[in-house]
file model00.cif (mmCIF, C-alpha atoms)
data_target
loop_
_atom_site.label_atom_id
_atom_site.label_comp_id
_atom_site.auth_asym_id
_atom_site.auth_seq_id
_atom_site.Cartn_x
_atom_site.Cartn_y
_atom_site.Cartn_z
CA MET A 1 -94.01 -129.60 34.94
CA HIS A 2 -91.41 -131.34 37.06
CA ILE A 3 -87.71 -131.31 37.66
CA ARG A 4 -85.42 -133.96 36.25
CA HIS A 5 -82.13 -134.81 37.91
CA ALA A 6 -79.09 -136.68 36.66
CA GLY A 7 -78.72 -140.24 37.92
CA ALA A 8 -76.77 -141.43 40.93
CA ALA A 9 -73.75 -142.37 38.81
CA PHE A 10 -73.05 -138.71 38.06
CA ALA A 11 -73.25 -137.69 41.71
CA ALA A 12 -70.98 -140.59 42.64
CA PHE A 13 -68.46 -139.43 40.03
CA LEU A 14 -68.26 -136.00 41.60
CA PHE A 15 -67.90 -137.53 45.06
CA CYS A 16 -64.89 -139.52 43.86
CA LEU A 17 -63.47 -136.48 42.06
CA ALA A 18 -63.65 -134.39 45.21
CA ALA A 19 -61.98 -137.16 47.20
CA LEU A 20 -58.95 -136.94 44.91
CA PHE A 21 -58.60 -133.27 45.75
CA SER A 22 -58.84 -133.64 49.51
CA GLY A 23 -55.98 -134.10 51.94
CA ARG A 24 -55.61 -136.35 54.94
CA VAL A 25 -56.29 -133.68 57.55
CA ARG A 26 -59.69 -132.05 57.80
CA ALA A 27 -59.48 -128.25 57.43
CA GLN A 28 -60.96 -126.11 60.17
CA PRO A 29 -64.16 -124.32 59.07
CA PHE A 30 -64.16 -120.54 59.06
CA GLN A 31 -66.15 -118.72 61.73
CA THR A 32 -67.32 -115.11 61.72
CA SER A 33 -69.10 -112.93 64.23
CA ALA A 34 -71.09 -111.27 61.44
CA PRO A 35 -74.68 -112.59 61.41
CA GLN A 36 -74.88 -112.47 57.62
CA ALA A 37 -71.92 -113.11 55.34
CA ILE A 38 -70.95 -114.65 52.01
CA LEU A 39 -67.67 -115.09 50.13
CA ILE A 40 -67.66 -115.86 46.39
CA ASP A 41 -64.83 -116.58 43.95
CA ALA A 42 -65.45 -114.39 40.90
CA GLY A 43 -63.63 -116.61 38.42
CA THR A 44 -65.58 -119.81 39.11
CA ASN A 45 -68.68 -118.41 40.90
CA THR A 46 -67.91 -120.85 43.72
CA VAL A 47 -69.43 -119.94 47.08
CA LEU A 48 -66.57 -120.40 49.54
CA PHE A 49 -68.46 -119.45 52.69
CA GLU A 50 -71.94 -118.39 53.68
CA LYS A 51 -73.80 -117.65 56.86
CA GLY A 52 -77.32 -116.23 56.89
CA ALA A 53 -76.70 -115.19 53.29
CA ASP A 54 -80.40 -115.24 52.41
CA ASP A 55 -81.60 -113.29 55.45
CA LEU A 56 -83.25 -109.98 54.62
CA VAL A 57 -81.18 -107.10 56.01
CA THR A 58 -81.08 -103.31 55.79
CA PRO A 59 -78.54 -102.36 53.10
CA ALA A 60 -77.91 -98.75 54.20
CA SER A 61 -75.44 -97.12 51.78
CA THR A 62 -74.50 -100.40 50.06
CA VAL A 63 -77.70 -99.78 48.08
CA LYS A 64 -75.67 -97.18 46.19
CA ILE A 65 -74.07 -100.07 44.27
CA LEU A 66 -77.39 -100.50 42.46
CA THR A 67 -77.74 -96.73 42.01
CA ALA A 68 -74.29 -96.72 40.41
CA GLU A 69 -75.14 -99.73 38.22
CA ILE A 70 -78.11 -97.93 36.72
CA ILE A 71 -75.94 -94.90 35.92
CA PHE A 72 -73.19 -97.13 34.49
CA ARG A 73 -75.76 -98.74 32.21
CA GLU A 74 -76.99 -95.36 31.02
CA LEU A 75 -73.38 -94.45 30.18
CA ALA A 76 -72.62 -97.79 28.50
CA GLU A 77 -75.71 -97.55 26.29
CA GLY A 78 -75.03 -93.94 25.31
CA ARG A 79 -77.94 -92.22 27.04
CA LEU A 80 -75.56 -90.36 29.35
CA LYS A 81 -72.03 -89.00 29.06
CA LEU A 82 -69.58 -88.47 31.90
CA GLY A 83 -69.41 -84.79 31.03
CA ASP A 84 -73.18 -84.25 31.16
CA GLU A 85 -74.17 -81.90 33.97
CA MET A 86 -77.08 -82.24 36.38
CA GLN A 87 -78.61 -79.58 38.59
CA VAL A 88 -78.83 -79.89 42.37
CA SER A 89 -82.46 -79.47 43.36
CA GLU A 90 -83.52 -78.12 46.71
CA TYR A 91 -85.03 -81.55 47.48
CA ALA A 92 -81.71 -83.31 46.88
CA TRP A 93 -79.78 -80.69 48.85
CA ARG A 94 -82.18 -80.59 51.80
CA ASN A 95 -82.70 -84.38 52.10
CA GLY A 96 -79.27 -85.64 51.12
CA GLY A 97 -76.85 -82.74 51.50
CA ALA A 98 -75.34 -80.82 54.40
CA PRO A 99 -78.73 -79.90 56.02
CA ALA A 100 -79.63 -83.62 56.39
CA GLY A 101 -76.60 -84.46 58.50
CA GLY A 102 -75.74 -87.75 56.76
CA SER A 103 -72.90 -88.65 54.43
CA ALA A 104 -72.75 -86.05 51.68
CA MET A 105 -70.75 -84.79 48.74
CA PHE A 106 -71.67 -81.29 49.99
CA LEU A 107 -73.25 -80.11 46.78
CA LYS A 108 -74.65 -76.57 46.81
CA VAL A 109 -78.31 -76.02 46.09
CA ASN A 110 -79.03 -74.94 42.48
CA SER A 111 -75.41 -75.66 41.46
CA ARG A 112 -74.46 -78.09 38.69
CA ALA A 113 -72.09 -81.05 38.66
CA SER A 114 -70.96 -83.49 35.97
CA VAL A 115 -72.08 -87.10 35.98
CA GLU A 116 -68.48 -88.19 36.57
CA ASN A 117 -68.10 -85.99 39.63
CA LEU A 118 -71.49 -87.09 40.91
CA LEU A 119 -70.41 -90.73 40.55
CA ARG A 120 -67.28 -89.99 42.57
CA GLY A 121 -69.40 -88.21 45.16
CA LEU A 122 -71.75 -91.21 45.25
CA ILE A 123 -69.07 -93.89 45.48
CA VAL A 124 -66.10 -92.31 47.25
CA ASP A 125 -67.92 -89.87 49.55
CA SER A 126 -71.04 -92.05 49.84
CA GLY A 127 -72.95 -88.85 49.17
CA ASN A 128 -76.69 -89.07 49.72
CA ASP A 129 -77.03 -85.79 47.83
CA ALA A 130 -75.14 -87.23 44.85
CA ALA A 131 -77.47 -90.24 44.82
CA LEU A 132 -80.56 -88.04 44.75
CA VAL A 133 -79.20 -85.71 42.05
CA LEU A 134 -78.34 -88.71 39.83
CA ALA A 135 -81.76 -90.24 40.45
CA GLU A 136 -83.56 -87.03 39.53
CA GLY A 137 -81.31 -86.43 36.54
CA VAL A 138 -82.01 -89.85 35.06
CA ALA A 139 -85.63 -90.51 36.04
CA GLY A 140 -87.08 -87.06 36.83
CA ASN A 141 -87.71 -87.73 40.51
CA GLU A 142 -86.75 -90.13 43.29
CA GLU A 143 -89.95 -92.21 43.09
CA ALA A 144 -89.51 -92.90 39.37
CA PHE A 145 -85.88 -93.88 39.95
CA VAL A 146 -86.91 -96.32 42.68
CA MET A 147 -89.21 -98.00 40.16
CA ARG A 148 -86.20 -98.35 37.88
CA MET A 149 -84.19 -99.82 40.74
CA ASN A 150 -86.70 -102.56 41.41
CA LYS A 151 -87.14 -103.29 37.70
CA ARG A 152 -83.40 -103.51 37.21
CA ALA A 153 -82.99 -105.69 40.31
CA ALA A 154 -85.53 -108.15 38.89
CA GLU A 155 -83.68 -108.20 35.55
CA LEU A 156 -80.45 -109.02 37.37
CA GLY A 157 -82.03 -111.88 39.31
CA LEU A 158 -82.21 -110.17 42.70
CA VAL A 159 -85.46 -111.91 43.51
CA LYS A 160 -85.59 -111.40 47.29
CA SER A 161 -84.24 -107.85 47.54
CA ARG A 162 -86.46 -104.77 47.29
CA PHE A 163 -85.57 -101.11 47.12
CA GLY A 164 -87.23 -97.96 48.45
CA ASN A 165 -84.67 -95.18 47.87
CA PRO A 166 -81.37 -94.70 46.01
CA TRP A 167 -79.18 -93.59 48.92
CA GLY A 168 -79.72 -95.99 51.81
CA LYS A 169 -82.29 -94.56 54.20
CA ALA A 170 -83.61 -97.36 56.40
CA SER A 171 -87.20 -98.33 55.64
CA ASP A 172 -89.40 -101.42 55.59
CA ASP A 173 -89.54 -101.35 51.78
CA GLN A 174 -85.73 -101.51 51.45
CA LYS A 175 -84.30 -104.95 52.27
CA VAL A 176 -81.59 -107.03 50.61
CA THR A 177 -79.67 -110.27 51.16
CA ALA A 178 -75.91 -110.69 51.38
CA ARG A 179 -76.03 -113.23 48.55
CA GLU A 180 -77.86 -110.90 46.17
CA MET A 181 -75.66 -107.92 46.98
CA ALA A 182 -72.58 -110.03 46.24
CA LYS A 183 -74.25 -111.10 42.99
CA LEU A 184 -74.88 -107.45 42.13
CA ALA A 185 -71.24 -106.59 42.88
CA LEU A 186 -70.02 -109.39 40.59
CA HIS A 187 -72.25 -108.08 37.81
CA VAL A 188 -70.90 -104.54 38.17
CA ILE A 189 -67.27 -105.73 38.20
CA ARG A 190 -67.69 -107.87 35.10
CA THR A 191 -69.96 -105.61 33.07
CA TYR A 192 -68.52 -102.14 33.66
CA PRO A 193 -64.74 -102.39 34.14
CA GLU A 194 -64.25 -98.85 32.81
CA TYR A 195 -66.55 -97.45 35.51
CA TYR A 196 -65.87 -99.92 38.31
CA LYS A 197 -62.54 -98.14 38.83
CA TYR A 198 -64.36 -95.38 40.76
CA PHE A 199 -64.93 -97.84 43.62
CA GLY A 200 -61.17 -98.08 44.11
CA GLU A 201 -60.46 -94.34 44.34
CA LYS A 202 -59.24 -93.58 47.84
CA GLU A 203 -60.27 -89.93 48.07
CA PHE A 204 -62.26 -87.21 46.32
CA THR A 205 -62.31 -83.45 46.72
CA TRP A 206 -65.36 -81.32 45.91
CA ASN A 207 -65.84 -77.65 46.79
CA ASN A 208 -62.47 -77.77 48.58
CA ILE A 209 -63.74 -80.52 50.88
CA ARG A 210 -61.46 -83.57 50.74
CA GLN A 211 -63.00 -86.87 51.83
CA GLN A 212 -61.49 -90.34 52.18
CA ASN A 213 -63.22 -93.36 50.69
CA ARG A 214 -65.28 -94.95 53.46
CA ASN A 215 -64.30 -98.50 52.44
CA PRO A 216 -61.67 -99.60 55.03
CA LEU A 217 -60.49 -102.54 52.89
CA LEU A 218 -58.80 -100.13 50.47
CA THR A 219 -56.12 -99.25 53.05
CA MET A 220 -55.36 -102.79 54.24
CA SER A 221 -52.86 -103.89 51.54
CA ILE A 222 -54.93 -106.96 50.66
CA GLY A 223 -55.59 -106.11 47.00
CA ALA A 224 -59.00 -104.53 47.63
CA ASP A 225 -60.44 -102.28 44.91
CA GLY A 226 -64.11 -101.84 45.96
CA LEU A 227 -67.01 -101.58 46.75
CA LYS A 228 -69.24 -99.89 49.46
CA THR A 229 -69.91 -99.72 53.17
CA GLY A 230 -73.15 -98.92 54.91
CA ASN A 231 -74.53 -98.40 58.40
CA ILE A 232 -77.62 -97.05 60.06
CA GLU A 233 -78.03 -95.11 63.29
CA LYS A 234 -78.70 -98.12 65.52
CA GLY A 235 -75.26 -99.57 64.69
CA ASP A 236 -76.05 -102.14 62.00
CA PHE A 237 -72.86 -102.13 59.90
CA GLY A 238 -72.50 -103.74 56.47
CA LEU A 239 -69.94 -103.96 53.70
CA VAL A 240 -69.72 -105.33 50.16
CA GLY A 241 -66.10 -105.62 49.07
CA SER A 242 -63.78 -107.16 46.52
CA ALA A 243 -60.07 -107.91 46.30
CA ILE A 244 -57.61 -109.51 43.87
CA GLU A 245 -54.62 -111.67 44.75
CA GLU A 246 -52.41 -113.32 42.11
CA GLY A 247 -55.09 -112.81 39.48
CA ARG A 248 -57.92 -114.32 41.54
CA ARG A 249 -60.81 -112.09 42.60
CA LEU A 250 -63.03 -112.67 45.62
CA VAL A 251 -66.21 -110.80 46.52
CA VAL A 252 -67.37 -110.56 50.12
CA ALA A 253 -70.56 -109.25 51.71
CA VAL A 254 -71.06 -108.92 55.47
CA TYR A 255 -74.03 -107.43 57.31
CA GLY A 256 -75.13 -107.05 60.90
CA ALA A 257 -71.77 -106.15 62.45
CA LYS A 258 -72.03 -104.18 65.68
CA THR A 259 -69.23 -101.71 64.93
CA ALA A 260 -67.30 -100.34 61.96
CA LYS A 261 -64.17 -102.09 63.27
CA GLU A 262 -65.92 -105.47 63.45
CA ARG A 263 -67.28 -104.98 59.93
CA ALA A 264 -63.82 -104.26 58.53
CA GLU A 265 -62.09 -107.06 60.42
CA GLU A 266 -64.62 -109.75 59.50
CA ALA A 267 -64.53 -108.78 55.83
CA ARG A 268 -60.72 -108.75 55.85
CA LYS A 269 -60.50 -112.14 57.58
CA LEU A 270 -62.94 -113.69 55.13
CA LEU A 271 -60.99 -112.44 52.11
CA GLN A 272 -57.65 -113.58 53.48
CA TRP A 273 -59.05 -116.99 54.45
CA GLY A 274 -60.46 -117.41 50.97
CA PHE A 275 -57.18 -116.56 49.27
CA ARG A 276 -55.11 -118.84 51.52
CA ASN A 277 -57.29 -121.91 51.81
CA PHE A 278 -58.67 -122.72 48.36
CA GLU A 279 -57.27 -124.01 45.10
CA GLU A 280 -58.94 -124.08 41.70
CA LYS A 281 -59.78 -127.44 40.12
CA GLU A 282 -61.24 -128.12 36.69
CA LEU A 283 -64.28 -130.42 36.70
CA PHE A 284 -65.26 -130.33 33.02
CA LYS A 285 -63.75 -128.71 29.97
CA ALA A 286 -65.87 -126.51 27.71
CA GLY A 287 -67.85 -128.75 25.37
CA GLU A 288 -67.18 -131.90 27.38
CA PRO A 289 -70.37 -133.95 28.07
CA VAL A 290 -71.61 -133.42 31.61
CA GLY A 291 -74.64 -135.71 31.45
CA PRO A 292 -77.82 -136.43 29.47
CA ALA A 293 -81.25 -134.83 29.35
CA GLN A 294 -84.30 -136.86 28.32
CA ILE A 295 -85.89 -135.92 24.97
CA TYR A 296 -89.60 -136.33 24.26
CA GLY A 297 -90.70 -137.14 20.71
CA GLY A 298 -87.24 -136.99 19.13
CA THR A 299 -85.13 -139.19 16.89
CA LYS A 300 -83.09 -139.86 20.03
CA GLY A 301 -84.28 -140.43 23.58
CA SER A 302 -81.69 -138.13 25.14
CA VAL A 303 -79.11 -135.46 24.36
CA GLU A 304 -75.78 -134.79 26.03
CA LEU A 305 -75.49 -131.50 27.87
CA VAL A 306 -72.33 -129.40 27.85
CA SER A 307 -71.08 -126.10 29.23
CA LYS A 308 -69.89 -123.30 26.93
CA THR A 309 -67.03 -122.59 29.31
CA ASP A 310 -64.77 -124.70 31.48
CA VAL A 311 -66.46 -125.80 34.70
CA LYS A 312 -64.14 -125.03 37.58
CA ALA A 313 -64.62 -125.00 41.33
CA LEU A 314 -62.49 -124.03 44.29
CA ILE A 315 -61.63 -126.86 46.64
CA GLN A 316 -60.57 -126.17 50.20
CA ARG A 317 -57.03 -127.32 50.89
CA GLY A 318 -56.85 -130.05 53.51
CA SER A 319 -60.61 -130.63 53.56
CA SER A 320 -62.22 -134.08 53.59
CA GLU A 321 -65.52 -132.65 52.39
CA LYS A 322 -66.92 -134.14 49.21
CA LEU A 323 -68.71 -132.40 46.37
CA ALA A 324 -71.95 -133.72 44.93
CA GLY A 325 -73.43 -132.66 41.61
CA LYS A 326 -76.66 -132.97 39.69
CA ILE A 327 -78.17 -131.75 36.46
CA VAL A 328 -81.44 -129.87 36.91
CA TYR A 329 -83.84 -129.13 34.07
CA GLU A 330 -87.56 -128.93 33.27
CA GLY A 331 -88.39 -131.99 31.30
CA PRO A 332 -88.65 -134.08 29.39
CA VAL A 333 -87.41 -131.67 26.72
CA MET A 334 -89.64 -131.46 23.66
CA ALA A 335 -88.09 -132.22 20.25
CA PRO A 336 -86.85 -130.69 18.04
CA VAL A 337 -83.79 -129.49 19.94
CA GLU A 338 -81.18 -127.17 18.45
CA ALA A 339 -77.46 -127.50 19.10
CA GLY A 340 -76.55 -124.93 21.74
CA GLN A 341 -80.12 -124.71 23.06
CA LYS A 342 -80.15 -123.89 26.78
CA ILE A 343 -81.55 -126.89 28.63
CA GLY A 344 -80.75 -126.64 32.33
CA ARG A 345 -77.95 -126.18 34.81
CA LEU A 346 -75.32 -128.09 36.71
CA GLU A 347 -75.54 -127.71 40.49
CA ILE A 348 -72.52 -128.56 42.61
CA ARG A 349 -72.98 -128.74 46.36
CA ARG A 350 -70.69 -128.83 49.35
CA GLY A 351 -72.95 -130.41 51.94
CA PRO A 352 -76.27 -128.50 51.87
CA THR A 353 -74.71 -125.44 50.22
CA VAL A 354 -74.91 -124.88 46.46
CA VAL A 355 -71.38 -123.68 45.71
CA LEU A 356 -71.64 -123.52 41.93
CA GLU A 357 -74.35 -123.25 39.27
CA GLN A 358 -73.34 -123.58 35.62
CA PRO A 359 -75.72 -123.22 32.63
CA LEU A 360 -75.86 -126.25 30.34
CA GLU A 361 -76.87 -126.54 26.67
CA ALA A 362 -77.50 -129.26 24.12
CA ALA A 363 -74.32 -130.65 22.57
CA GLU A 364 -76.09 -131.48 19.28
CA ALA A 365 -79.38 -131.09 17.44
CA VAL A 366 -82.13 -133.67 17.83
CA ASP A 367 -84.84 -133.73 15.15
CA GLU A 368 -88.48 -134.54 15.75
CA GLY A 369 -89.08 -138.28 15.64
CA SER A 370 -91.61 -140.33 13.72
CA LEU A 371 -95.28 -140.46 14.69
CA SER A 372 -94.83 -143.91 16.24
CA ARG A 373 -91.87 -142.66 18.29
CA ARG A 374 -93.84 -139.67 19.58
CA ALA A 375 -96.76 -141.94 20.49
CA PHE A 376 -94.45 -144.29 22.40
CA ASP A 377 -92.92 -141.38 24.31
CA ALA A 378 -96.38 -140.06 25.16
CA VAL A 379 -97.42 -143.41 26.65
CA TYR A 380 -94.15 -143.71 28.54
CA GLU A 381 -94.42 -140.21 29.99
CA TYR A 382 -98.05 -140.78 31.03
CA ALA A 383 -97.12 -143.98 32.84
CA ALA A 384 -94.16 -142.33 34.53
CA ALA A 385 -96.37 -139.47 35.72
CA LYS A 386 -98.88 -141.92 37.22
CA ILE A 387 -96.16 -143.80 39.08
CA HIS A 388 -94.82 -140.52 40.39
CA GLU A 389 -98.29 -139.55 41.65
CA LYS A 390 -98.70 -142.85 43.51
CA LEU A 391 -95.29 -142.61 45.13
CA SER A 392 -95.95 -139.04 46.17
CA ALA A 393 -99.30 -140.02 47.72
CA ARG A 394 -97.61 -142.63 49.90
CA LYS A 395 -95.20 -140.15 51.47
#
call {"tool": "encode", "arguments": {"input": "model00.cif", "output": "structure tokens"}}
result
Amino acid sequence: MHIRHAGAAFAAFLFCLAALFSGRVRAQPFQTSAPQAILIDAGTNTVLFEKGADDLVTPASTVKILTAEIIFRELAEGRLKLGDEMQVSEYAWRNGGAPAGGSAMFLKVNSRASVENLLRGLIVDSGNDAALVLAEGVAGNEEAFVMRMNKRAAELGLVKSRFGNPWGKASDDQKVTAREMAKLALHVIRTYPEYYKYFGEKEFTWNNIRQQNRNPLLTMSIGADGLKTGNIEKGDFGLVGSAIEEGRRLVVAVYGAKTAKERAEEARKLLQWGFRNFEEKELFKAGEPVGPAQIYGGTKGSVELVSKTDVKALIQRGSSEKLAGKIVYEGPVMAPVEAGQKIGRLEIRRGPTVVLEQPLEAAEAVDEGSLSRRAFDAVYEYAAAKIHEKLSARK
């Protein structure tokens, strides 16, 4: 198995395309004091900025985004209702409530609360007790819920992150990356709009205790409507946030800030920089050929690949940077091929950074070829493999 790439002509085309978008003056790159950060445009999936985005970090309470996602999914699939009530166990109260000394919804032991109120306690109050009650209510106990967390993370493509508890306690078995937490936030925003609204609520009162949402972006008049902050005792501050301006949504994740003020300011500056300095450009229309993939044993030697949706990217205003693109797929692709069959992906890079990945599919069907055609392709592929081996040995 090996990876096939589109030829140099395609990459050159994207270079020329990017040059048309760029101005005469080179834009100044953004700088942040946060050790780990990423900024993504939700509409195009373009990565606008990244720094240490794949470093493993302690998520603290931002892990509650995944806890909420699991509950949202239970609601969406009908296994839970917002009005369902869950009981507050002594374990949840003692380890996550008032006796624990951390952020809490201040649930009373042996009391009951609805799923909707527990979600507000989880998201607005960042309640550790709410997280534990939800975990026990859905999975029976915290350990079983953690297994669900890791299973769900794998399903969502969070391949580097791992989870050890649903509320954010620091531990060696709970590490995430800024990139994957931003990816998780994008999934929640797109998949559960009817429940995502809880992330934008600015306050919540339970048992006559009124608490403000801990997300500082919500009070900054920058269009923010989510998501979560987190910090641990040694002063490692993180934030996953999102904001909308003129119909365009950005998602930001920052970790490793030294103070809550630095965390808020760096996230704010990233969002504002993203809104002010980028413009959307269309690269390919939906259904427009992007490039070919080689076919093995078919009536044709290749098939054009297309995207189901328009391929758009954000280009920095005033930047002389060029974009380069390539098609990546496992090949050659065996015939027969069905129209619409997923084949590979388009990767667009700004320098070393992959700023956009778009799935590609076959534009048309390709039937299995004759016996002589399949034999010819077999000989050709064998010869190509041998040449590849010799070239690799010389490196």
call {"tool": "atom_distance", "arguments": {"input": "model00.cif", "atom1": "atom CA of A:Glu368", "atom2": "atom CA of A:Ala339"}}
result
13.5 Å
call {"tool": "atom_distance", "arguments": {"input": "model00.cif", "atom1": "atom CA of A:Leu119", "atom2": "atom CA of A:Lys269"}}
result
29.1 Å
call {"tool": "closest_residue", "arguments": {"input": "model00.cif", "among": "A:Ala267, A:Leu156, A:Val133, A:Leu186", "to": "A:Arg249", "atoms": "all atoms listed in the file"}}
result
A:Leu186
call {"tool": "closest_residue", "arguments": {"input": "model00.cif", "among": "A:Ala324, A:Leu217, A:Ala92, A:Ala42", "to": "A:Lys183", "atoms": "all atoms listed in the file"}}
result
A:Ala42
call {"tool": "resolve_selection", "arguments": {"input": "model00.cif", "expression": "the PyMOL selection byres ((chain A and resi 37) around 12)", "output": "VMD selection string"}}
result
chain A and resid 30 to 36 38 to 40 47 to 57 177 to 182 237 to 241 251 to 257 263 266 to 267 269 to 271
call {"tool": "write_last_selection", "arguments": {"input": "model00.cif", "atoms": "C-alpha atoms", "output": "compact mmCIF listing (two decimals), in the coordinates of the input"}}
result
# COMPACT_ATOMS: atom_id res chain seq x y z
CA PHE A 30 -64.16 -120.54 59.06
CA GLN A 31 -66.15 -118.72 61.73
CA THR A 32 -67.32 -115.11 61.72
CA SER A 33 -69.10 -112.93 64.23
CA ALA A 34 -71.09 -111.27 61.44
CA PRO A 35 -74.68 -112.59 61.41
CA GLN A 36 -74.88 -112.47 57.62
CA ILE A 38 -70.95 -114.65 52.01
CA LEU A 39 -67.67 -115.09 50.13
CA ILE A 40 -67.66 -115.86 46.39
CA VAL A 47 -69.43 -119.94 47.08
CA LEU A 48 -66.57 -120.40 49.54
CA PHE A 49 -68.46 -119.45 52.69
CA GLU A 50 -71.94 -118.39 53.68
CA LYS A 51 -73.80 -117.65 56.86
CA GLY A 52 -77.32 -116.23 56.89
CA ALA A 53 -76.70 -115.19 53.29
CA ASP A 54 -80.40 -115.24 52.41
CA ASP A 55 -81.60 -113.29 55.45
CA LEU A 56 -83.25 -109.98 54.62
CA VAL A 57 -81.18 -107.10 56.01
CA THR A 177 -79.67 -110.27 51.16
CA ALA A 178 -75.91 -110.69 51.38
CA ARG A 179 -76.03 -113.23 48.55
CA GLU A 180 -77.86 -110.90 46.17
CA MET A 181 -75.66 -107.92 46.98
CA ALA A 182 -72.58 -110.03 46.24
CA PHE A 237 -72.86 -102.13 59.90
CA GLY A 238 -72.50 -103.74 56.47
CA LEU A 239 -69.94 -103.96 53.70
CA VAL A 240 -69.72 -105.33 50.16
CA GLY A 241 -66.10 -105.62 49.07
CA VAL A 251 -66.21 -110.80 46.52
CA VAL A 252 -67.37 -110.56 50.12
CA ALA A 253 -70.56 -109.25 51.71
CA VAL A 254 -71.06 -108.92 55.47
CA TYR A 255 -74.03 -107.43 57.31
CA GLY A 256 -75.13 -107.05 60.90
CA ALA A 257 -71.77 -106.15 62.45
CA ARG A 263 -67.28 -104.98 59.93
CA GLU A 266 -64.62 -109.75 59.50
CA ALA A 267 -64.53 -108.78 55.83
CA LYS A 269 -60.50 -112.14 57.58
CA LEU A 270 -62.94 -113.69 55.13
CA LEU A 271 -60.99 -112.44 52.11
call {"tool": "resolve_selection", "arguments": {"input": "model00.cif", "expression": "the PyMOL selection byres ((chain A and resi 164) around 9)", "output": "list in words"}}
result
Glu143, Val146, Met147, Met149, Asn150, Arg162, Phe163, Asn165, Pro166, Gly168, Lys169, Ala170, Ser171, Asp172, Asp173, Gln174 and Lys175 of chain A
call {"tool": "closest_residue", "arguments": {"input": "model00.cif", "among": "A:Ala264, A:Ile209, A:Val366, A:Ala286", "to": "A:Gly301", "atoms": "all atoms listed in the file"}}
result
A:Val366
call {"tool": "residues_near_point", "arguments": {"input": "model00.cif", "point": "(-80.4, -126.5, 21.1)", "cutoff": "9 Å", "atoms": "all atoms listed in the file", "output": "mmCIF file with C-alpha atoms, in the frame of the given file"}}
result
data_model
loop_
_atom_site.group_PDB
_atom_site.id
_atom_site.type_symbol
_atom_site.label_atom_id
_atom_site.label_comp_id
_atom_site.auth_asym_id
_atom_site.auth_seq_id
_atom_site.Cartn_x
_atom_site.Cartn_y
_atom_site.Cartn_z
ATOM 1 C CA PRO A 336 -86.850 -130.690 18.040
ATOM 2 C CA VAL A 337 -83.790 -129.490 19.940
ATOM 3 C CA GLU A 338 -81.180 -127.170 18.450
ATOM 4 C CA ALA A 339 -77.460 -127.500 19.100
ATOM 5 C CA GLY A 340 -76.550 -124.930 21.740
ATOM 6 C CA GLN A 341 -80.120 -124.710 23.060
ATOM 7 C CA LYS A 342 -80.150 -123.890 26.780
ATOM 8 C CA ILE A 343 -81.550 -126.890 28.630
ATOM 9 C CA GLU A 361 -76.870 -126.540 26.670
ATOM 10 C CA ALA A 362 -77.500 -129.260 24.120
ATOM 11 C CA ALA A 363 -74.320 -130.650 22.570
ATOM 12 C CA GLU A 364 -76.090 -131.480 19.280
ATOM 13 C CA ALA A 365 -79.380 -131.090 17.440
ATOM 14 C CA VAL A 366 -82.130 -133.670 17.830
#
call {"tool": "closest_atom_pairs", "arguments": {"input": "model00.cif", "of": "stretch 197-312 of chain A", "to": "stretch 346-350 of chain A", "cutoff": "10 Å", "atoms": "only C-alpha atoms", "output": "CSV"}}
result
residue,atom,partner,partner_atom,distance
A:Val290,CA,A:Leu346,CA,8.3
A:Gly291,CA,A:Leu346,CA,9.3
A:Leu305,CA,A:Leu346,CA,9.5
A:Val306,CA,A:Leu346,CA,9.4
A:Ser307,CA,A:Leu346,CA,8.8
A:Val311,CA,A:Leu346,CA,9.4
call {"tool": "closest_residue", "arguments": {"input": "model00.cif", "among": "A:Lys308, A:Arg345, A:Arg73, A:Arg120", "to": "A:Gly325", "atoms": "only C-alpha atoms"}}
result
A:Arg345
call {"tool": "atom_distance", "arguments": {"input": "model00.cif", "atom1": "atom CA of A:Gly97", "atom2": "atom CA of A:Gly127"}}
result
7.6 Å
call {"tool": "residues_near_point", "arguments": {"input": "model00.cif", "point": "(-74.6, -73.4, 43.2)", "cutoff": "12 Å", "atoms": "only C-alpha atoms", "output": "PyMOL selection string"}}
result
chain A and resi 86-90+93+106-113+207
call {"tool": "resolve_selection", "arguments": {"input": "model00.cif", "expression": "the PyMOL selection byres ((chain A and resi 275) around 12)", "output": "CSV table (one decimal) with C-alpha atoms, in the frame of the given file"}}
result
chain,number,residue,atom,x,y,z
A,39,LEU,CA,-67.7,-115.1,50.1
A,40,ILE,CA,-67.7,-115.9,46.4
A,41,ASP,CA,-64.8,-116.6,44.0
A,42,ALA,CA,-65.4,-114.4,40.9
A,48,LEU,CA,-66.6,-120.4,49.5
A,222,ILE,CA,-54.9,-107.0,50.7
A,223,GLY,CA,-55.6,-106.1,47.0
A,242,SER,CA,-63.8,-107.2,46.5
A,243,ALA,CA,-60.1,-107.9,46.3
A,244,ILE,CA,-57.6,-109.5,43.9
A,245,GLU,CA,-54.6,-111.7,44.8
A,246,GLU,CA,-52.4,-113.3,42.1
A,247,GLY,CA,-55.1,-112.8,39.5
A,248,ARG,CA,-57.9,-114.3,41.5
A,249,ARG,CA,-60.8,-112.1,42.6
A,250,LEU,CA,-63.0,-112.7,45.6
A,251,VAL,CA,-66.2,-110.8,46.5
A,252,VAL,CA,-67.4,-110.6,50.1
A,268,ARG,CA,-60.7,-108.8,55.8
A,269,LYS,CA,-60.5,-112.1,57.6
A,270,LEU,CA,-62.9,-113.7,55.1
A,271,LEU,CA,-61.0,-112.4,52.1
A,272,GLN,CA,-57.6,-113.6,53.5
A,273,TRP,CA,-59.0,-117.0,54.4
A,274,GLY,CA,-60.5,-117.4,51.0
A,276,ARG,CA,-55.1,-118.8,51.5
A,277,ASN,CA,-57.3,-121.9,51.8
A,278,PHE,CA,-58.7,-122.7,48.4
A,279,GLU,CA,-57.3,-124.0,45.1
A,280,GLU,CA,-58.9,-124.1,41.7
A,314,LEU,CA,-62.5,-124.0,44.3
A,315,ILE,CA,-61.6,-126.9,46.6
A,316,GLN,CA,-60.6,-126.2,50.2
A,317,ARG,CA,-57.0,-127.3,50.9
